[in-house]
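Everything below concerns the one structure shown next.
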Amino acid sequence: MANTKWQIDAAHSHVTFTVKHMMISKVRGSFGKFNAEVEADPEDLSSASLKFTIDVNSIDTDSEDRDNHLRSADFFDTENHPEITFVSTDIQSDGDDEYKVTGDLTIKGETKSVTLEAEYEGRAKNPWGQEVVAFSVDGKINRKDFGLTWNQALETGGVLVGEDVKIHLDLEATEEQPQTEEAEEESLES
(Lines give C-alpha, C1' and ligand atoms only; values in the text may rest on other atoms or scores of the structure.)
Protein backbone atom coordinates (compact mmCIF):
# COMPACT_ATOMS: atom_id res chain seq x y z
CA MET A 1 0.00 0.00 0.00
CA ALA A 2 1.27 3.50 -0.81
CA ASN A 3 1.55 6.31 1.70
CA THR A 4 -1.69 8.20 2.23
CA LYS A 5 -2.61 11.20 4.36
CA TRP A 6 -4.27 10.63 7.73
CA GLN A 7 -6.16 12.99 10.06
CA ILE A 8 -5.75 12.52 13.82
CA ASP A 9 -9.13 12.03 15.50
CA ALA A 10 -8.66 14.19 18.61
CA ALA A 11 -11.85 12.83 20.19
CA HIS A 12 -10.30 9.34 20.25
CA SER A 13 -6.65 10.28 20.84
CA HIS A 14 -4.74 11.25 23.98
CA VAL A 15 -1.37 12.82 24.76
CA THR A 16 -0.31 12.16 28.35
CA PHE A 17 2.78 12.39 30.54
CA THR A 18 3.96 11.31 33.98
CA VAL A 19 6.67 12.82 36.18
CA LYS A 20 7.83 12.03 39.72
CA HIS A 21 6.65 14.35 42.50
CA MET A 22 8.68 14.67 45.71
CA MET A 23 10.64 11.60 44.56
CA ILE A 24 7.90 9.28 45.88
CA SER A 25 4.72 9.73 43.84
CA LYS A 26 3.70 10.61 40.29
CA VAL A 27 1.89 13.53 38.73
CA ARG A 28 -0.01 12.72 35.55
CA GLY A 29 -1.05 15.24 32.98
CA SER A 30 -2.30 15.63 29.46
CA PHE A 31 -2.48 18.05 26.58
CA GLY A 32 -6.00 18.56 25.22
CA LYS A 33 -5.13 20.32 21.96
CA PHE A 34 -2.83 18.80 19.37
CA ASN A 35 -2.71 17.98 15.68
CA ALA A 36 -0.58 16.07 13.26
CA GLU A 37 0.39 15.88 9.64
CA VAL A 38 0.72 12.18 8.86
CA GLU A 39 1.53 10.58 5.54
CA ALA A 40 1.97 6.85 5.94
CA ASP A 41 1.23 3.29 5.00
CA PRO A 42 -0.05 2.22 8.44
CA GLU A 43 1.02 -1.37 7.84
CA ASP A 44 4.64 -0.31 7.18
CA LEU A 45 5.60 2.93 8.91
CA SER A 46 9.20 2.83 7.71
CA SER A 47 8.45 5.34 4.92
CA ALA A 48 6.07 7.52 6.95
CA SER A 49 6.32 11.27 7.42
CA LEU A 50 5.08 12.68 10.75
CA LYS A 51 4.80 16.17 12.17
CA PHE A 52 3.06 16.44 15.53
CA THR A 53 2.20 19.76 17.22
CA ILE A 54 0.95 20.25 20.78
CA ASP A 55 -0.65 23.44 22.13
CA VAL A 56 1.20 23.76 25.44
CA ASN A 57 -1.49 26.06 26.85
CA SER A 58 -3.83 23.04 26.80
CA ILE A 59 -1.86 21.34 29.60
CA ASP A 60 -4.03 19.76 32.31
CA THR A 61 -2.73 18.13 35.51
CA ASP A 62 -6.00 18.49 37.47
CA SER A 63 -4.58 21.50 39.34
CA GLU A 64 -5.13 24.98 37.94
CA ASP A 65 -2.32 26.46 40.06
CA ARG A 66 0.14 23.80 38.89
CA ASP A 67 -1.00 24.18 35.26
CA ASN A 68 -0.44 27.94 35.43
CA HIS A 69 3.01 27.38 36.94
CA LEU A 70 3.84 24.94 34.13
CA ARG A 71 2.78 27.57 31.55
CA SER A 72 5.04 30.18 33.21
CA ALA A 73 8.67 31.00 32.37
CA ASP A 74 9.75 28.60 35.16
CA PHE A 75 8.74 25.73 32.87
CA PHE A 76 7.27 25.93 29.34
CA ASP A 77 7.15 29.73 28.97
CA THR A 78 4.06 29.50 26.76
CA GLU A 79 4.07 33.23 26.12
CA ASN A 80 7.23 32.75 24.04
CA HIS A 81 6.98 29.02 23.22
CA PRO A 82 3.31 28.08 22.79
CA GLU A 83 3.95 24.80 20.96
CA ILE A 84 5.81 21.53 21.30
CA THR A 85 6.67 19.90 17.98
CA PHE A 86 7.95 16.51 16.89
CA VAL A 87 9.09 15.92 13.30
CA SER A 88 10.11 12.39 12.31
CA THR A 89 13.54 11.89 10.78
CA ASP A 90 13.79 8.08 10.74
CA ILE A 91 11.42 5.18 11.36
CA GLN A 92 12.71 1.63 11.75
CA SER A 93 10.74 -1.58 12.17
CA ASP A 94 11.40 -3.21 15.55
CA GLY A 95 9.38 -6.39 15.13
CA ASP A 96 5.78 -7.17 14.28
CA ASP A 97 3.81 -3.91 14.30
CA GLU A 98 6.47 -2.19 16.45
CA TYR A 99 8.67 0.71 15.39
CA LYS A 100 11.43 2.99 16.66
CA VAL A 101 10.43 6.50 15.61
CA THR A 102 13.29 9.00 15.75
CA GLY A 103 12.65 12.68 15.30
CA ASP A 104 13.38 16.24 16.31
CA LEU A 105 11.49 17.19 19.47
CA THR A 106 11.29 20.91 20.18
CA ILE A 107 10.26 22.13 23.62
CA LYS A 108 10.79 25.72 24.82
CA GLY A 109 12.98 26.51 21.80
CA GLU A 110 15.34 23.55 22.41
CA THR A 111 15.45 20.85 19.73
CA LYS A 112 16.83 17.40 20.48
CA SER A 113 16.71 14.11 18.63
CA VAL A 114 14.61 11.55 20.53
CA THR A 115 13.49 8.02 19.76
CA LEU A 116 10.00 6.87 20.68
CA GLU A 117 8.52 3.38 20.57
CA ALA A 118 5.38 3.06 18.46
CA GLU A 119 3.01 0.15 18.06
CA TYR A 120 0.50 -0.26 15.25
CA GLU A 121 -2.72 -1.31 17.04
CA GLY A 122 -4.77 -2.13 13.96
CA ARG A 123 -7.10 -0.98 11.23
CA ALA A 124 -10.91 -0.94 10.87
CA LYS A 125 -13.77 0.83 9.09
CA ASN A 126 -15.88 3.18 11.17
CA PRO A 127 -19.70 3.26 10.86
CA TRP A 128 -19.38 5.92 8.11
CA GLY A 129 -17.19 3.69 5.95
CA GLN A 130 -13.91 5.52 6.61
CA GLU A 131 -10.64 3.68 7.14
CA VAL A 132 -9.36 4.15 10.72
CA VAL A 133 -5.98 3.14 12.18
CA ALA A 134 -4.66 3.27 15.74
CA PHE A 135 -1.20 3.54 17.28
CA SER A 136 0.26 3.78 20.75
CA VAL A 137 3.51 5.64 21.36
CA ASP A 138 5.77 5.63 24.42
CA GLY A 139 8.97 7.43 25.31
CA LYS A 140 10.97 9.11 28.03
CA ILE A 141 12.85 12.40 28.01
CA ASN A 142 14.88 14.36 30.53
CA ARG A 143 13.10 17.70 30.95
CA LYS A 144 16.39 19.50 31.70
CA ASP A 145 17.56 18.72 28.14
CA PHE A 146 14.84 21.12 26.98
CA GLY A 147 15.51 23.97 29.40
CA LEU A 148 12.84 22.91 31.91
CA THR A 149 15.17 23.22 34.89
CA TRP A 150 13.04 24.71 37.69
CA ASN A 151 13.02 22.69 40.89
CA GLN A 152 12.88 23.04 44.64
CA ALA A 153 14.96 21.18 47.22
CA LEU A 154 13.07 19.24 49.88
CA GLU A 155 13.90 19.33 53.62
CA THR A 156 14.11 15.55 53.65
CA GLY A 157 16.51 15.49 50.70
CA GLY A 158 15.79 15.21 47.04
CA VAL A 159 13.77 17.56 44.88
CA LEU A 160 10.14 18.42 44.22
CA VAL A 161 10.01 17.56 40.49
CA GLY A 162 11.69 14.57 38.83
CA GLU A 163 13.86 15.02 35.75
CA ASP A 164 12.51 12.11 33.70
CA VAL A 165 9.19 12.59 31.94
CA LYS A 166 7.39 9.55 30.56
CA ILE A 167 5.29 10.27 27.48
CA HIS A 168 2.37 8.19 26.21
CA LEU A 169 0.15 8.77 23.18
CA ASP A 170 -2.90 6.85 22.05
CA LEU A 171 -3.64 7.94 18.50
CA GLU A 172 -6.53 7.17 16.20
CA ALA A 173 -6.45 8.50 12.66
CA THR A 174 -8.88 8.55 9.75
CA GLU A 175 -7.77 8.31 6.14
CA GLU A 176 -8.09 11.68 4.42
CA GLN A 177 -10.60 11.59 1.61
CA PRO A 178 -9.47 13.18 -1.64
CA GLN A 179 -11.50 16.25 -2.53
CA THR A 180 -13.73 16.03 -5.57
CA GLU A 181 -13.52 18.77 -8.19
CA GLU A 182 -16.88 20.13 -6.96
CA ALA A 183 -15.65 20.35 -3.38
CA GLU A 184 -12.45 22.09 -4.51
CA GLU A 185 -14.48 24.64 -6.52
CA GLU A 186 -16.81 25.28 -3.54
CA SER A 187 -13.76 25.76 -1.31
CA LEU A 188 -12.28 28.32 -3.73
CA GLU A 189 -15.57 30.23 -4.01
CA SER A 190 -15.97 30.71 -0.25
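Residues are named by chain letter and number: chains run A, B, ... in the order of the C-alpha coordinates, numbers start at 1 in each chain, and ligands are numbered from 1 in the order shown.
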**Study point:** Shell around Thr174 of chain A at 12 Å using only C-alpha atoms, local window under 2 positions removed, as a VMD selection string
**Key:** chain A and resid 4 to 13 36 to 40 42 123 to 126 128 to 135 171 to 172 176 to 177
Exercise for review: Considering only C-alpha atoms, return as a count of residues only whatever protein or nucleic-acid residues lie within 7 Å of segment 89-93 of chain A, sequence-local ones (same chain, fewer than 6 positions apart) excluded.
Suggested key: 7
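Closest approach to Asp96 of chain A from the set A:Glu43, A:Phe76, A:Glu163, A:Asp60 is made by A:Glu43, with distances taken over only C-alpha atoms.
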Exercise for review: Find the residue from A:Ser47, A:Glu175, A:His81, A:Lys166 that sits nearest to Gly29 of chain A; use only C-alpha atoms when measuring.
Suggested key: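 Ranked by minimum distance to Gly29 of chain A, first place goes to A:Lys166.
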Review point. Atom CA of Arg143 of chain A and atom CA of Glu79 of chain A are how many Å apart?
Key: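 Answer for the atom CA of Arg143 of chain A to atom CA of Glu79 of chain A separation: 18.6 Å.
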Practice item. Determine, counting only C-alpha atoms, which protein, DNA and RNA residues have an atom within 10 Å of an atom of Phe75 of chain A; residues of the same chain fewer than 2 positions away are not included. Present the result as number ranges by chain. Key: A: 68-73, 77-78, 108, 143-144, 146-151
Practice item. Find the residue from A:Ala153, A:Ala118, A:Ile141, A:Val87 that sits nearest to Leu50 of chain A; use only C-alpha atoms when measuring. Key: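 Looking only at the distances to Leu50 of chain A, the closest residue turns out to be A:Val87.
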Practice item. Would you mind reading off the distance between atom CA of Val19 of chain A and atom CA of Leu169 of chain A, one decimal, in Å? Key: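 Computed distance, atom CA of Val19 of chain A to atom CA of Leu169 of chain A, equals 15.1 Å.
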Exercise for review: Using DSSP on the backbone coordinates, identify all residues within segment 33-186 of chain A classified as helix (DSSP H, G or I); present the result as a list in words.
Suggested key: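 These are the residues in question: Val56, Asn57, Ser58, Glu64, Asp65, Arg66, Asp67, Asn68, His69, Leu70, Arg71, Arg143, Lys144, Asp145, Phe146, Glu181, Glu182, Ala183, Glu184, Glu185 and Glu186 of chain A.
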Point to revise | Given only C-alpha atoms as the counted atoms, nearest of A:Gly109, A:Asp97, A:Asp104, A:Asn57 to Asp44 of chain A | key: A:Asp97
Point to revise | Counting only C-alpha atoms, the option among A:Thr85, A:Ser49, A:Thr106, A:Ser30 closest to Asp170 of chain A | key: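 So, comparing all the options, the nearest one is A:Ser30.
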Exercise for review: Among the residues of segment 15-161 of chain A, find those DSSP assigns to strand (DSSP E or B) from the backbone and print them as a PyMOL selection string.
Suggested key: chain A and resi 15-21+25-31+34-41+44-55+59-60+83-93+98-107+110-125+131-142+153+159+161
Study note, to complete from the structure: Counting only C-alpha atoms, the residue among A:Phe17, A:Phe31, A:Gly157, A:Ala173 that lies closest to Gly122 of chain A is A:Ala173
